[in-house]
Amino acid sequence: MYELRRRYGSFEAVRGVSFDVERGELFALLGTNGAGKTSTLELVEGLDRPTAGTVRVLGRDPVRDRTAVRARTGVMLQEGGFPPDLTPAEALRMWAGTFGTRARPVADTLDLVGLAHRADVRVRQLSGGERRRLDLAVAVVGRPDLLILDEPTTGLDPESRHDTWRLLRGLLTDGVTILLSTHYLQEAQELADRVAILRAGTVVATGSVAEVVAAFPARITFDLPPGVTLDALPDVVGAYDLTGGRVFVHTQQLQTALTTLLGWAAAHGITLTGLDARSATLDEAFLSIAGAA
């Protein structure tokens, strides 16, 4: 998509969003509530035309060529809307019928998402997490080439979330392309080939998780040794800060700074208690980027 815009009256929810998703990769859209993730996905899904810009899905216009695109696309919305008196098997059988011979067998699909044992209960009796798994079953029953997932693991317990991740990894191995939005940064860290962080309807950072995180400094922390002042610490590639007796070093060259610090400590017979060294995390990058004014 290129320079995508979507306006609701005087409010512009999507403001010049551009990105490409490569075949067979998982691309994650990240952002706080109201950042424009769902509005962007709805345009990719062909639910509305953009106010401006160009959208191409599988090489086609998702609105003008909806029939062709829809046959090869699976969509999981933030919330499903199945009649409460249907069973998962009935709901999935109804949906599978729209895909003809392309559809997976209903029993196999329910087993894939961990709902085989709930196939014949009423939708109204399913838990929130089970309803999300039914939404996912509907999205994958047509053997899609492109799978679009809007907050797919919201409401799932940790075990079900990890089961869903395994399912998505399997689909990627089979060549399925996945575009998802998520609030779970660990989900993006675990699954995404590339991410885009949205803020106020614009893309403010994009790339692999490693590329996005690399723009932020690593951190070394330790307790200030007794009798040692900040001025006595060795020069490192970074800046020292002292808070409550803890020394913080922020650096873009973690290995070099840590080697210098440990060499100095060894030479002076000093033990650095509470020593912790780590690269920046996606959480830190996200909070800095998405939350910036």
# chains A, B, ... in the order shown; residues from 1 in each chain; ligands from 1
>>> select_by_dssp(residues="region 58-253 of chain A", states="strand (DSSP E)", output="PyMOL selection string")
chain A and resi 73-76+146-150+177-181+194-199+202-207+218-223+239-243+246-251
>>> write_last_selection(atoms="N, CA and C atoms", output="compact mmCIF listing (two decimals), in the first residue's frame")
# COMPACT_ATOMS: atom_id res chain seq x y z
N THR A 73 -8.12 -14.98 0.80
CA THR A 73 -7.80 -14.23 2.00
C THR A 73 -8.60 -14.74 3.19
N GLY A 74 -7.93 -14.88 4.32
CA GLY A 74 -8.61 -15.20 5.57
C GLY A 74 -8.54 -13.99 6.48
N VAL A 75 -9.64 -13.68 7.15
CA VAL A 75 -9.71 -12.47 7.98
C VAL A 75 -10.23 -12.83 9.36
N MET A 76 -9.55 -12.35 10.38
CA MET A 76 -10.00 -12.48 11.76
C MET A 76 -10.17 -11.09 12.34
N LEU A 146 -3.26 -15.29 2.06
CA LEU A 146 -3.01 -14.15 2.94
C LEU A 146 -3.95 -14.24 4.12
N LEU A 147 -3.39 -14.15 5.33
CA LEU A 147 -4.18 -14.20 6.56
C LEU A 147 -4.03 -12.86 7.26
N ILE A 148 -5.17 -12.19 7.52
CA ILE A 148 -5.19 -10.88 8.18
C ILE A 148 -5.82 -11.05 9.55
N LEU A 149 -5.06 -10.73 10.59
CA LEU A 149 -5.48 -10.99 11.96
C LEU A 149 -5.45 -9.70 12.77
N ASP A 150 -6.59 -9.33 13.33
CA ASP A 150 -6.68 -8.13 14.15
C ASP A 150 -6.77 -8.54 15.62
N THR A 177 1.13 -15.90 3.89
CA THR A 177 1.54 -14.55 4.28
C THR A 177 0.59 -14.06 5.36
N ILE A 178 1.14 -13.45 6.41
CA ILE A 178 0.31 -13.03 7.55
C ILE A 178 0.54 -11.56 7.86
N LEU A 179 -0.55 -10.82 7.94
CA LEU A 179 -0.54 -9.43 8.39
C LEU A 179 -1.37 -9.36 9.65
N LEU A 180 -0.76 -8.93 10.76
CA LEU A 180 -1.53 -8.88 12.01
C LEU A 180 -1.27 -7.60 12.77
N SER A 181 -2.25 -7.22 13.56
CA SER A 181 -2.06 -6.17 14.55
C SER A 181 -2.09 -6.82 15.92
N ARG A 194 8.96 -8.58 10.17
CA ARG A 194 9.10 -7.13 10.19
C ARG A 194 7.91 -6.54 10.94
N VAL A 195 8.11 -5.33 11.46
CA VAL A 195 7.03 -4.63 12.16
C VAL A 195 6.95 -3.20 11.64
N ALA A 196 5.78 -2.61 11.82
CA ALA A 196 5.60 -1.17 11.61
C ALA A 196 4.91 -0.63 12.85
N ILE A 197 5.46 0.42 13.43
CA ILE A 197 4.86 1.06 14.59
C ILE A 197 4.10 2.29 14.13
N LEU A 198 2.80 2.34 14.44
CA LEU A 198 1.95 3.46 14.05
C LEU A 198 1.73 4.38 15.23
N ARG A 199 1.69 5.66 14.95
CA ARG A 199 1.32 6.66 15.93
C ARG A 199 0.49 7.73 15.24
N THR A 202 0.14 7.41 11.39
CA THR A 202 1.31 7.40 10.51
C THR A 202 2.29 6.33 10.97
N VAL A 203 3.10 5.84 10.04
CA VAL A 203 4.15 4.89 10.38
C VAL A 203 5.36 5.67 10.86
N VAL A 204 5.78 5.43 12.10
CA VAL A 204 6.90 6.18 12.67
C VAL A 204 8.16 5.33 12.79
N ALA A 205 8.05 4.03 12.59
CA ALA A 205 9.23 3.16 12.58
C ALA A 205 8.85 1.86 11.88
N THR A 206 9.78 1.32 11.11
CA THR A 206 9.52 0.06 10.43
C THR A 206 10.82 -0.69 10.22
N GLY A 207 10.73 -2.00 10.12
CA GLY A 207 11.91 -2.85 9.92
C GLY A 207 11.77 -4.11 10.73
N ALA A 218 21.59 0.16 24.65
CA ALA A 218 21.60 -0.93 25.61
C ALA A 218 21.83 -0.34 27.01
N ARG A 219 21.71 -1.20 28.04
CA ARG A 219 21.80 -0.70 29.42
C ARG A 219 22.61 -1.65 30.27
N ILE A 220 23.53 -1.07 31.04
CA ILE A 220 24.28 -1.81 32.05
C ILE A 220 23.94 -1.18 33.40
N THR A 221 23.64 -2.02 34.39
CA THR A 221 23.36 -1.49 35.73
C THR A 221 24.15 -2.30 36.76
N PHE A 222 24.55 -1.64 37.84
CA PHE A 222 25.24 -2.30 38.95
C PHE A 222 25.21 -1.36 40.16
N ASP A 223 25.48 -1.93 41.33
CA ASP A 223 25.55 -1.13 42.55
C ASP A 223 26.88 -0.39 42.59
N ALA A 239 27.02 6.83 28.78
CA ALA A 239 26.90 7.84 29.82
C ALA A 239 26.48 7.19 31.12
N TYR A 240 27.10 7.62 32.23
CA TYR A 240 26.76 7.13 33.56
C TYR A 240 25.64 7.96 34.17
N ASP A 241 24.83 7.27 34.98
CA ASP A 241 23.82 7.97 35.76
C ASP A 241 23.69 7.22 37.07
N LEU A 242 23.47 7.94 38.16
CA LEU A 242 23.37 7.33 39.48
C LEU A 242 21.99 7.61 40.06
N THR A 243 21.28 6.53 40.41
CA THR A 243 19.95 6.66 41.01
C THR A 243 19.83 5.69 42.17
N ARG A 246 22.33 2.92 42.53
CA ARG A 246 22.50 2.08 41.34
C ARG A 246 23.09 2.93 40.23
N VAL A 247 24.09 2.36 39.55
CA VAL A 247 24.72 3.03 38.42
C VAL A 247 24.08 2.51 37.13
N PHE A 248 23.72 3.43 36.27
CA PHE A 248 23.14 3.08 34.98
C PHE A 248 24.07 3.58 33.88
N VAL A 249 24.36 2.71 32.92
CA VAL A 249 25.14 3.08 31.76
C VAL A 249 24.29 2.83 30.53
N HIS A 250 24.07 3.84 29.74
CA HIS A 250 23.33 3.72 28.48
C HIS A 250 24.32 3.83 27.34
N THR A 251 24.36 2.82 26.49
CA THR A 251 25.40 2.76 25.46
C THR A 251 24.88 2.09 24.19
>>> residues_around(residues="region 109-111 of chain A", least_positions_apart="5", cutoff="8 Å", atoms="only C-alpha atoms", output="list in words")
Ala89, Arg104, Ala116, Ala119, Leu134, Ala137, Val140 and Val141 of chain A
>>> closest_residue(among="A:Ala277, A:Ala91, A:Ala13, A:Leu26", to="Gln255 (chain A)", atoms="only C-alpha atoms")
A:Ala277
>>> select_by_dssp(residues="region 18-210 of chain A", states="helix (DSSP H, G or I)", output="PyMOL selection string")
chain A and resi 37-44+66-70+88-102+106-112+116-118+123-125+128-140+158-173+185-191+209-210
>>> closest_residue(among="A:Val228, A:Ala214, A:Leu185, A:Ala200", to="Leu272 (chain A)", atoms="only C-alpha atoms")
A:Val228
>>> atom_distance(atom1="CA of Ala71 (chain A)", atom2="CA of Ala103 (chain A)")
10.1 Å
>>> atom_distance(atom1="CA of Arg132 (chain A)", atom2="CA of Gly155 (chain A)")
7.4 Å
>>> residues_around(residues="Asp283 (chain A)", least_positions_apart="4", cutoff="10 Å", atoms="only C-alpha atoms", output="ChimeraX atom specification")
/A:184-186,189,213,287-289
>>> residues_around(residues="region 1-7 of chain A", least_positions_apart="5", cutoff="8 Å", atoms="only C-alpha atoms", output="number ranges by chain")
A: 12-20, 39, 50-56
>>> closest_residue(among="A:Arg143, A:Arg161, A:Arg102, A:Arg64", to="Gly129 (chain A)", atoms="only C-alpha atoms")
A:Arg161
>>> atom_distance(atom1="CA of Arg66 (chain A)", atom2="CA of Phe27 (chain A)")
21.9 Å
>>> residues_around(residues="Arg93 (chain A)", least_positions_apart="3", cutoff="10 Å", atoms="only C-alpha atoms", output="JSON, numbers by chain")
{"A": [87, 88, 89, 90, 96, 97, 98, 103, 104, 105, 106, 107, 138, 141]}
>>> write_last_selection(atoms="C-alpha atoms", output="PDB file, in the first residue's frame")
ATOM      1  CA  THR A  87     -22.401 -24.758  17.347  1.00  0.00           C
ATOM      2  CA  PRO A  88     -18.768 -24.206  16.264  1.00  0.00           C
ATOM      3  CA  ALA A  89     -19.122 -27.084  13.812  1.00  0.00           C
ATOM      4  CA  GLU A  90     -22.260 -25.543  12.274  1.00  0.00           C
ATOM      5  CA  ALA A  96     -16.456 -23.346   4.703  1.00  0.00           C
ATOM      6  CA  GLY A  97     -19.244 -23.643   2.144  1.00  0.00           C
ATOM      7  CA  THR A  98     -18.276 -20.264   0.694  1.00  0.00           C
ATOM      8  CA  ALA A 103     -11.897 -25.384   2.223  1.00  0.00           C
ATOM      9  CA  ARG A 104     -10.275 -27.505   4.906  1.00  0.00           C
ATOM     10  CA  PRO A 105     -12.457 -30.229   6.427  1.00  0.00           C
ATOM     11  CA  VAL A 106     -14.407 -28.775   9.351  1.00  0.00           C
ATOM     12  CA  ALA A 107     -13.183 -31.419  11.815  1.00  0.00           C
ATOM     13  CA  VAL A 138     -13.077 -19.235  10.306  1.00  0.00           C
ATOM     14  CA  VAL A 141     -10.728 -22.738   6.956  1.00  0.00           C
TER      15      VAL A 141
END
